[in-house]
Amino acid sequence: MSAAIEVDGLVKHYGTLAAVDGIRFSVPSGTVFAFLGPIGAGKTTTTEILEGLRRRTSGEVRVLGLDPWTEGTELHRRIGVIPQDFRFFDKITPKEAIEYYRALFGTKVDPKVLLEQVALADKINSRYDTLSGGQKQKFGLALALTNDPEICFLDEPTTGLDPQARRAIWAVIRNLKREGRTVFLTTHYLEEAELLADQVAIIDHGKIIAAGSPAEIIEAHGQPARMSVEGSPALAEYLRMNLGAAAVVEDGKVSVSLSDKGDALKVLTAIEASGLPWTSFTTTKDTLEDVFVRLVGQMDEGALKSQGAP
Amino acid sequence: MRLRNIAADFRIVSRTYFRNPVALFFSLIFPIILISMFGLIFSSTGGGTVTLVVLNEDHNSHDSVAFLAALNSTHVVTVQVVSVSTQNFSSYLGQNDQPTGLVIPDGFQSDLTNRTPVNLTLYTDPEDASSAGIAEGAVQGVAAYFNLQAVCGQASCAPVVGYNTANVGSQVYKYIDYLIPGLIGFAILTSPMFSMVDIASSYRKDGIFRELSLTPITRAEWLTSRILWYVALTFVTSGIMIGAGVLLFGAHVTLTAGLIPFLVVGPFFFVSLGMLAGSVAKTPESAALIGNIITFPMMFLSGTFFQVSSMPAGLQAFARILPLYYVIDGMNQVMLYSNTLRAFTDLLVVLLGSIVVFLLAIRLFKWRDE
């Protein structure tokens, strides 16, 4: 699978601050790539460099084989971008906006078809300033598709939307992937990345701190799965003595780490064999969000230490 | 530059504009308000005493002296009799900075006695419409009094004393005649300047330039579409102003093709200047400040409401460095004086300035960041 985006040693300085500090990643064509990180981590700067909207300080960047800064005009014909908080001319309708972009790009797309694709056909003649937040994002999404792009850059497309509107955007993203387009997604919602992305990269303080598929990242950086039952400290003690397992008690729940699937059966058998009272067992596993919070937290601690903080 | 892109953007601008009631008000209604307001203010006969310079060619005849005494008794004019030749009277008034003058012709008394119609000549300065109105009111009133009382003795009698008007200087122009090119200039300046300064900063802040930078439209195409829009708007606004001036105040304007280049080059200059001012500013607030600093002196000192020639020498010199001065002066030359050569020179100054400002605006206005 060829790479739609290739980044190697990318650096961006604002004065003395390294907003992006030598990052490296690639995005295979036709996949959904989620670029995650806390606010101020370097996400937007990186995305804007890839979109050809910002000049890099150094490093190699290729998007569809083009240099985004020097070959931006050609690149913009082949990509679609929805910025964070999409804004457009207040008095213009989605139909008029698509006709405008259609004329600029010289394409023949039908506004109605495009708006149906993003579930906004019912607002085809509504002016931008009368649309809700979710409808505005869909408007932006439709506009970004006017030139039939090979890569769609979606910068926090669901921020501030209600759950229903968010799910509608997710459906559009899945559809984009089905159509063979590459999607470069930045988001604050880890659940969104886990659901949609084939590949994820987490950036913090300008550096990539984890990369891979969501499952790979959880596997590499997450804690083992845990089984929990509601039980007494005596039960925890019994499990420690008989299984040698690290059993902890918290809020009336006894939790035991599971290193593989078979452990679950062993733990459950031991609990039953203890003769001690217990109820409702659950198994839990780290999500991408758990891993993200932990990794970013570790980075922050490191950063604080390096600054000499207590 | 691709016409298709310019046309596509032009459609968007015009739709945005037509759906904005405030913009429509300032383009279509405000010109009428402006012209009515200034027309009424400066065409009205306000209070105050005006010196009326008189050339009495009837050799101080009894009736002419009585006429002048009647004028003095109105207390709105003070008669000052001078002795110069008739041919030089107009230029005498101009040289001595006198806004009003009256010539009583030779034979005034005998015409009055014989009830032969006789016309006085009232000279006024269109730049000083207020004095002109006062003097005209006084002359009109005294002439009516003479017609009724001194000559006829009854109300139904045909008038004998009348008056013609002439200009201090040579031609007959009214304040409204100068006001129309001035206010067209005012519209050419203010509408694009205020809009473009705002657009330059707010589109950048809202990310709309960023949106556009991701499409094939170039900055030059985008700016050209705005210029074309303001050219179209200027034609409409000018038509409204000329129409209102002629219909409401009987303005005298010559509509020639020579006016067209100014209605094109004027917006070309000020759309580019507005964009340039908005581009160098860091925030919408500083953009508005820069826009105001550029716009306000030009608004009042370029011959919009008052003729530059009526201003003190220092301000006149300052006016000549203001681009709007050349737009308005050029329009005065084609609409009033038919002075093609001077109009062409004015046009050339504005055109060259426009090209420089357009290129600078294109260079300095960025829609993506470094």
# chains A, B, ... in the order shown; residues from 1 in each chain; ligands from 1

call {"tool": "select_by_dssp", "arguments": {"residues": "segment 30-262 of chain B", "states": "strand (DSSP E)", "output": "number ranges by chain"}}
result
B: 50-56, 77-82, 100-104, 118-124, 161-167

call {"tool": "residues_around", "arguments": {"residues": "Val183 of chain A", "least_positions_apart": "3", "cutoff": "8 Å", "atoms": "only C-alpha atoms", "output": "ChimeraX atom specification"}}
result
/A:30-33,151-154,173,176-177

call {"tool": "interface_residues", "arguments": {"of": "chain B", "to": "chain A", "cutoff": "12 Å", "atoms": "only C-alpha atoms", "output": "ChimeraX atom specification"}}
result
/B:2-21,199,202-218,221-222,366-370

call {"tool": "closest_residue", "arguments": {"among": "B:His59, B:Leu148, B:Leu364, B:Glu136", "to": "Gly107 of chain B", "atoms": "only C-alpha atoms"}}
result
B:His59

call {"tool": "residues_around", "arguments": {"residues": "Ile5 of chain A", "least_positions_apart": "2", "cutoff": "6 Å", "atoms": "only C-alpha atoms", "output": "list in words"}}
result
Ala3, Ser26, Val27, Arg62 and Val63 of chain A

call {"tool": "write_last_selection", "arguments": {"atoms": "N, CA and C atoms", "output": "mmCIF file, in the first residue's frame"}}
result
data_model
loop_
_atom_site.group_PDB
_atom_site.id
_atom_site.type_symbol
_atom_site.label_atom_id
_atom_site.label_comp_id
_atom_site.auth_asym_id
_atom_site.auth_seq_id
_atom_site.Cartn_x
_atom_site.Cartn_y
_atom_site.Cartn_z
ATOM 1 N N ALA A 3 2.102 5.187 0.387
ATOM 2 C CA ALA A 3 1.845 6.164 1.450
ATOM 3 C C ALA A 3 1.236 7.427 0.860
ATOM 4 N N SER A 26 4.023 7.886 8.706
ATOM 5 C CA SER A 26 3.468 7.847 7.349
ATOM 6 C C SER A 26 2.035 7.323 7.420
ATOM 7 N N VAL A 27 1.241 7.736 6.453
ATOM 8 C CA VAL A 27 -0.169 7.348 6.418
ATOM 9 C C VAL A 27 -0.424 6.595 5.109
ATOM 10 N N ARG A 62 5.901 14.930 2.458
ATOM 11 C CA ARG A 62 5.319 14.658 1.127
ATOM 12 C C ARG A 62 3.855 14.286 1.324
ATOM 13 N N VAL A 63 2.997 14.958 0.632
ATOM 14 C CA VAL A 63 1.574 14.608 0.660
ATOM 15 C C VAL A 63 1.183 14.329 -0.786
#

call {"tool": "select_by_dssp", "arguments": {"residues": "segment 21-150 of chain A", "states": "helix (DSSP H, G or I)", "output": "ChimeraX atom specification"}}
result
/A:43-51,72-76,94-105,111-117,121-123,128-130,133-144

call {"tool": "write_last_selection", "arguments": {"atoms": "C-alpha atoms", "output": "PDB file, in the first residue's frame"}}
result
ATOM      1  CA  LYS A  43      -1.310  18.723  16.278  1.00  0.00           C
ATOM      2  CA  THR A  44      -2.697  21.741  14.489  1.00  0.00           C
ATOM      3  CA  THR A  45       0.734  22.998  13.455  1.00  0.00           C
ATOM      4  CA  THR A  46       1.569  19.610  11.953  1.00  0.00           C
ATOM      5  CA  THR A  47      -1.798  19.382  10.222  1.00  0.00           C
ATOM      6  CA  GLU A  48      -1.447  22.869   8.764  1.00  0.00           C
ATOM      7  CA  ILE A  49       2.023  22.029   7.479  1.00  0.00           C
ATOM      8  CA  LEU A  50       0.605  18.922   5.769  1.00  0.00           C
ATOM      9  CA  GLU A  51      -2.213  21.030   4.256  1.00  0.00           C
ATOM     10  CA  GLY A  72       0.397  23.857  -2.554  1.00  0.00           C
ATOM     11  CA  THR A  73      -1.652  24.933  -5.563  1.00  0.00           C
ATOM     12  CA  GLU A  74      -1.466  21.489  -7.138  1.00  0.00           C
ATOM     13  CA  LEU A  75      -1.937  19.764  -3.784  1.00  0.00           C
ATOM     14  CA  HIS A  76      -5.073  21.765  -2.960  1.00  0.00           C
ATOM     15  CA  PRO A  94     -24.678  25.184   1.011  1.00  0.00           C
ATOM     16  CA  LYS A  95     -25.906  24.934  -2.593  1.00  0.00           C
ATOM     17  CA  GLU A  96     -24.403  28.306  -3.530  1.00  0.00           C
ATOM     18  CA  ALA A  97     -21.167  27.518  -1.717  1.00  0.00           C
ATOM     19  CA  ILE A  98     -20.772  24.215  -3.559  1.00  0.00           C
ATOM     20  CA  GLU A  99     -21.548  25.921  -6.876  1.00  0.00           C
ATOM     21  CA  TYR A 100     -18.878  28.501  -6.012  1.00  0.00           C
ATOM     22  CA  TYR A 101     -16.257  25.854  -5.219  1.00  0.00           C
ATOM     23  CA  ARG A 102     -17.363  23.812  -8.224  1.00  0.00           C
ATOM     24  CA  ALA A 103     -16.654  26.803 -10.465  1.00  0.00           C
ATOM     25  CA  LEU A 104     -13.284  27.403  -8.798  1.00  0.00           C
ATOM     26  CA  PHE A 105     -12.209  23.757  -9.063  1.00  0.00           C
ATOM     27  CA  PRO A 111     -24.724  20.021  -4.850  1.00  0.00           C
ATOM     28  CA  LYS A 112     -27.740  17.893  -3.970  1.00  0.00           C
ATOM     29  CA  VAL A 113     -25.820  14.624  -4.292  1.00  0.00           C
ATOM     30  CA  LEU A 114     -22.932  15.973  -2.260  1.00  0.00           C
ATOM     31  CA  LEU A 115     -25.220  17.256   0.469  1.00  0.00           C
ATOM     32  CA  GLU A 116     -27.030  13.914   0.579  1.00  0.00           C
ATOM     33  CA  GLN A 117     -23.653  12.290   1.125  1.00  0.00           C
ATOM     34  CA  ALA A 121     -29.714  17.762   1.736  1.00  0.00           C
ATOM     35  CA  ASP A 122     -32.653  19.165   3.719  1.00  0.00           C
ATOM     36  CA  LYS A 123     -30.673  22.375   4.335  1.00  0.00           C
ATOM     37  CA  TYR A 128     -24.895  29.470   6.739  1.00  0.00           C
ATOM     38  CA  ASP A 129     -25.852  31.731   9.647  1.00  0.00           C
ATOM     39  CA  THR A 130     -29.096  29.810  10.222  1.00  0.00           C
ATOM     40  CA  GLY A 133     -23.045  23.697  14.823  1.00  0.00           C
ATOM     41  CA  GLY A 134     -23.368  20.166  13.484  1.00  0.00           C
ATOM     42  CA  GLN A 135     -24.946  21.340  10.241  1.00  0.00           C
ATOM     43  CA  LYS A 136     -22.143  23.853   9.749  1.00  0.00           C
ATOM     44  CA  GLN A 137     -19.569  21.078  10.132  1.00  0.00           C
ATOM     45  CA  LYS A 138     -21.447  18.983   7.566  1.00  0.00           C
ATOM     46  CA  PHE A 139     -21.557  22.026   5.298  1.00  0.00           C
ATOM     47  CA  GLY A 140     -17.773  22.272   5.630  1.00  0.00           C
ATOM     48  CA  LEU A 141     -17.423  18.574   4.978  1.00  0.00           C
ATOM     49  CA  ALA A 142     -19.520  18.790   1.806  1.00  0.00           C
ATOM     50  CA  LEU A 143     -17.485  21.756   0.624  1.00  0.00           C
ATOM     51  CA  ALA A 144     -14.258  19.864   1.283  1.00  0.00           C
TER      52      ALA A 144
END

call {"tool": "closest_residue", "arguments": {"among": "A:Lys207, A:Arg167, A:His221, A:Lys12", "to": "Leu195 of chain A", "atoms": "only C-alpha atoms"}}
result
A:Arg167

call {"tool": "residues_around", "arguments": {"residues": "segment 51-58 of chain B", "least_positions_apart": "2", "cutoff": "8 Å", "atoms": "only C-alpha atoms", "output": "short mmCIF file (atom, residue, chain, number, x, y, z; two decimals) with C-alpha atoms, in the first residue's frame"}}
result
data_model
loop_
_atom_site.label_atom_id
_atom_site.label_comp_id
_atom_site.auth_asym_id
_atom_site.auth_seq_id
_atom_site.Cartn_x
_atom_site.Cartn_y
_atom_site.Cartn_z
CA THR B 49 -25.63 89.71 7.42
CA ASN B 60 -26.89 106.94 -8.40
CA SER B 61 -30.35 107.67 -9.75
CA SER B 64 -31.43 102.89 -7.72
CA VAL B 77 -27.34 92.29 3.57
CA THR B 78 -25.04 95.28 3.88
CA VAL B 79 -24.66 97.14 0.63
CA GLN B 80 -21.16 98.21 -0.36
CA VAL B 81 -21.06 100.26 -3.56
CA VAL B 82 -17.90 99.99 -5.67
CA SER B 83 -16.81 101.64 -8.82
CA VAL B 84 -15.38 99.22 -11.39
CA THR B 86 -18.99 95.94 -15.71
CA PHE B 89 -17.05 93.10 -11.83
CA LEU B 93 -15.58 89.91 -6.58
CA GLN B 98 -16.58 88.68 -1.98
CA THR B 100 -22.11 88.18 -3.56
CA GLY B 101 -22.48 91.17 -5.89
CA LEU B 102 -25.26 93.06 -7.64
CA VAL B 103 -25.23 95.12 -10.82
CA ILE B 104 -27.93 97.77 -11.28
CA PRO B 105 -27.96 98.46 -15.01
CA ASP B 106 -27.88 101.81 -16.70
CA GLY B 107 -31.43 103.08 -17.33
CA PHE B 108 -32.88 101.39 -14.25
CA GLN B 109 -34.83 104.47 -13.23
CA ALA B 135 -28.35 87.76 -0.94
#

call {"tool": "closest_residue", "arguments": {"among": "B:Leu248, B:Leu24, B:Leu183, B:Val197", "to": "Ala288 of chain B", "atoms": "only C-alpha atoms"}}
result
B:Val197

call {"tool": "residues_around", "arguments": {"residues": "Arg166 of chain A", "least_positions_apart": "3", "cutoff": "12 Å", "atoms": "only C-alpha atoms", "output": "ChimeraX atom specification"}}
result
/A:118,133-135,137-138,156-163,169-173,187,189,191-192

call {"tool": "write_last_selection", "arguments": {"atoms": "C-alpha atoms", "output": "short mmCIF file (atom, residue, chain, number, x, y, z; two decimals), in the first residue's frame"}}
result
data_model
loop_
_atom_site.label_atom_id
_atom_site.label_comp_id
_atom_site.auth_asym_id
_atom_site.auth_seq_id
_atom_site.Cartn_x
_atom_site.Cartn_y
_atom_site.Cartn_z
CA VAL A 118 -23.18 14.32 4.32
CA GLY A 133 -23.04 23.70 14.82
CA GLY A 134 -23.37 20.17 13.48
CA GLN A 135 -24.95 21.34 10.24
CA GLN A 137 -19.57 21.08 10.13
CA LYS A 138 -21.45 18.98 7.57
CA GLU A 156 -11.57 18.07 15.19
CA PRO A 157 -14.70 17.68 13.07
CA THR A 158 -16.98 16.70 15.95
CA THR A 159 -15.85 19.09 18.68
CA GLY A 160 -18.84 20.72 20.33
CA LEU A 161 -21.40 18.55 18.54
CA ASP A 162 -24.18 16.60 20.21
CA PRO A 163 -23.93 12.78 20.20
CA ILE A 169 -20.08 12.72 11.02
CA TRP A 170 -18.63 9.32 11.91
CA ALA A 171 -20.86 7.72 9.28
CA VAL A 172 -19.54 10.17 6.71
CA ILE A 173 -15.94 9.38 7.68
CA THR A 187 -9.64 14.75 17.49
CA TYR A 189 -12.28 12.27 21.47
CA GLU A 191 -13.32 6.98 21.59
CA GLU A 192 -13.75 8.47 18.13
#

call {"tool": "atom_distance", "arguments": {"atom1": "atom CA of Ser73 of chain B", "atom2": "atom CA of Ala129 of chain B"}}
result
22.1 Å

call {"tool": "residues_around", "arguments": {"residues": "Ala264 of chain A", "least_positions_apart": "5", "cutoff": "12 Å", "atoms": "only C-alpha atoms", "output": "PyMOL selection string"}}
result
chain A and resi 224-229+243+245+255-259+269-271+281-284

call {"tool": "closest_atom_pairs", "arguments": {"of": "segment 159-241 of chain B", "to": "segment 289-305 of chain B", "cutoff": "9 Å", "atoms": "only C-alpha atoms", "output": "JSON lines"}}
result
{"residue": "B:Tyr178", "atom": "CA", "partner": "B:Phe305", "partner_atom": "CA", "distance": 8.1}
{"residue": "B:Leu179", "atom": "CA", "partner": "B:Phe305", "partner_atom": "CA", "distance": 6.1}
{"residue": "B:Ile180", "atom": "CA", "partner": "B:Thr304", "partner_atom": "CA", "distance": 8.6}
{"residue": "B:Pro181", "atom": "CA", "partner": "B:Thr304", "partner_atom": "CA", "distance": 7.5}
{"residue": "B:Gly182", "atom": "CA", "partner": "B:Thr304", "partner_atom": "CA", "distance": 3.7}
{"residue": "B:Leu183", "atom": "CA", "partner": "B:Thr304", "partner_atom": "CA", "distance": 5.6}
{"residue": "B:Ile184", "atom": "CA", "partner": "B:Thr304", "partner_atom": "CA", "distance": 8.1}
{"residue": "B:Gly185", "atom": "CA", "partner": "B:Thr304", "partner_atom": "CA", "distance": 6.4}
{"residue": "B:Phe186", "atom": "CA", "partner": "B:Thr304", "partner_atom": "CA", "distance": 5.9}
{"residue": "B:Leu189", "atom": "CA", "partner": "B:Thr295", "partner_atom": "CA", "distance": 7.3}
{"residue": "B:Thr190", "atom": "CA", "partner": "B:Thr295", "partner_atom": "CA", "distance": 7.0}
{"residue": "B:Met193", "atom": "CA", "partner": "B:Gly291", "partner_atom": "CA", "distance": 6.9}
{"residue": "B:Phe194", "atom": "CA", "partner": "B:Gly291", "partner_atom": "CA", "distance": 6.8}
{"residue": "B:Val197", "atom": "CA", "partner": "B:Gly291", "partner_atom": "CA", "distance": 6.3}
{"residue": "B:Asp198", "atom": "CA", "partner": "B:Gly291", "partner_atom": "CA", "distance": 8.8}
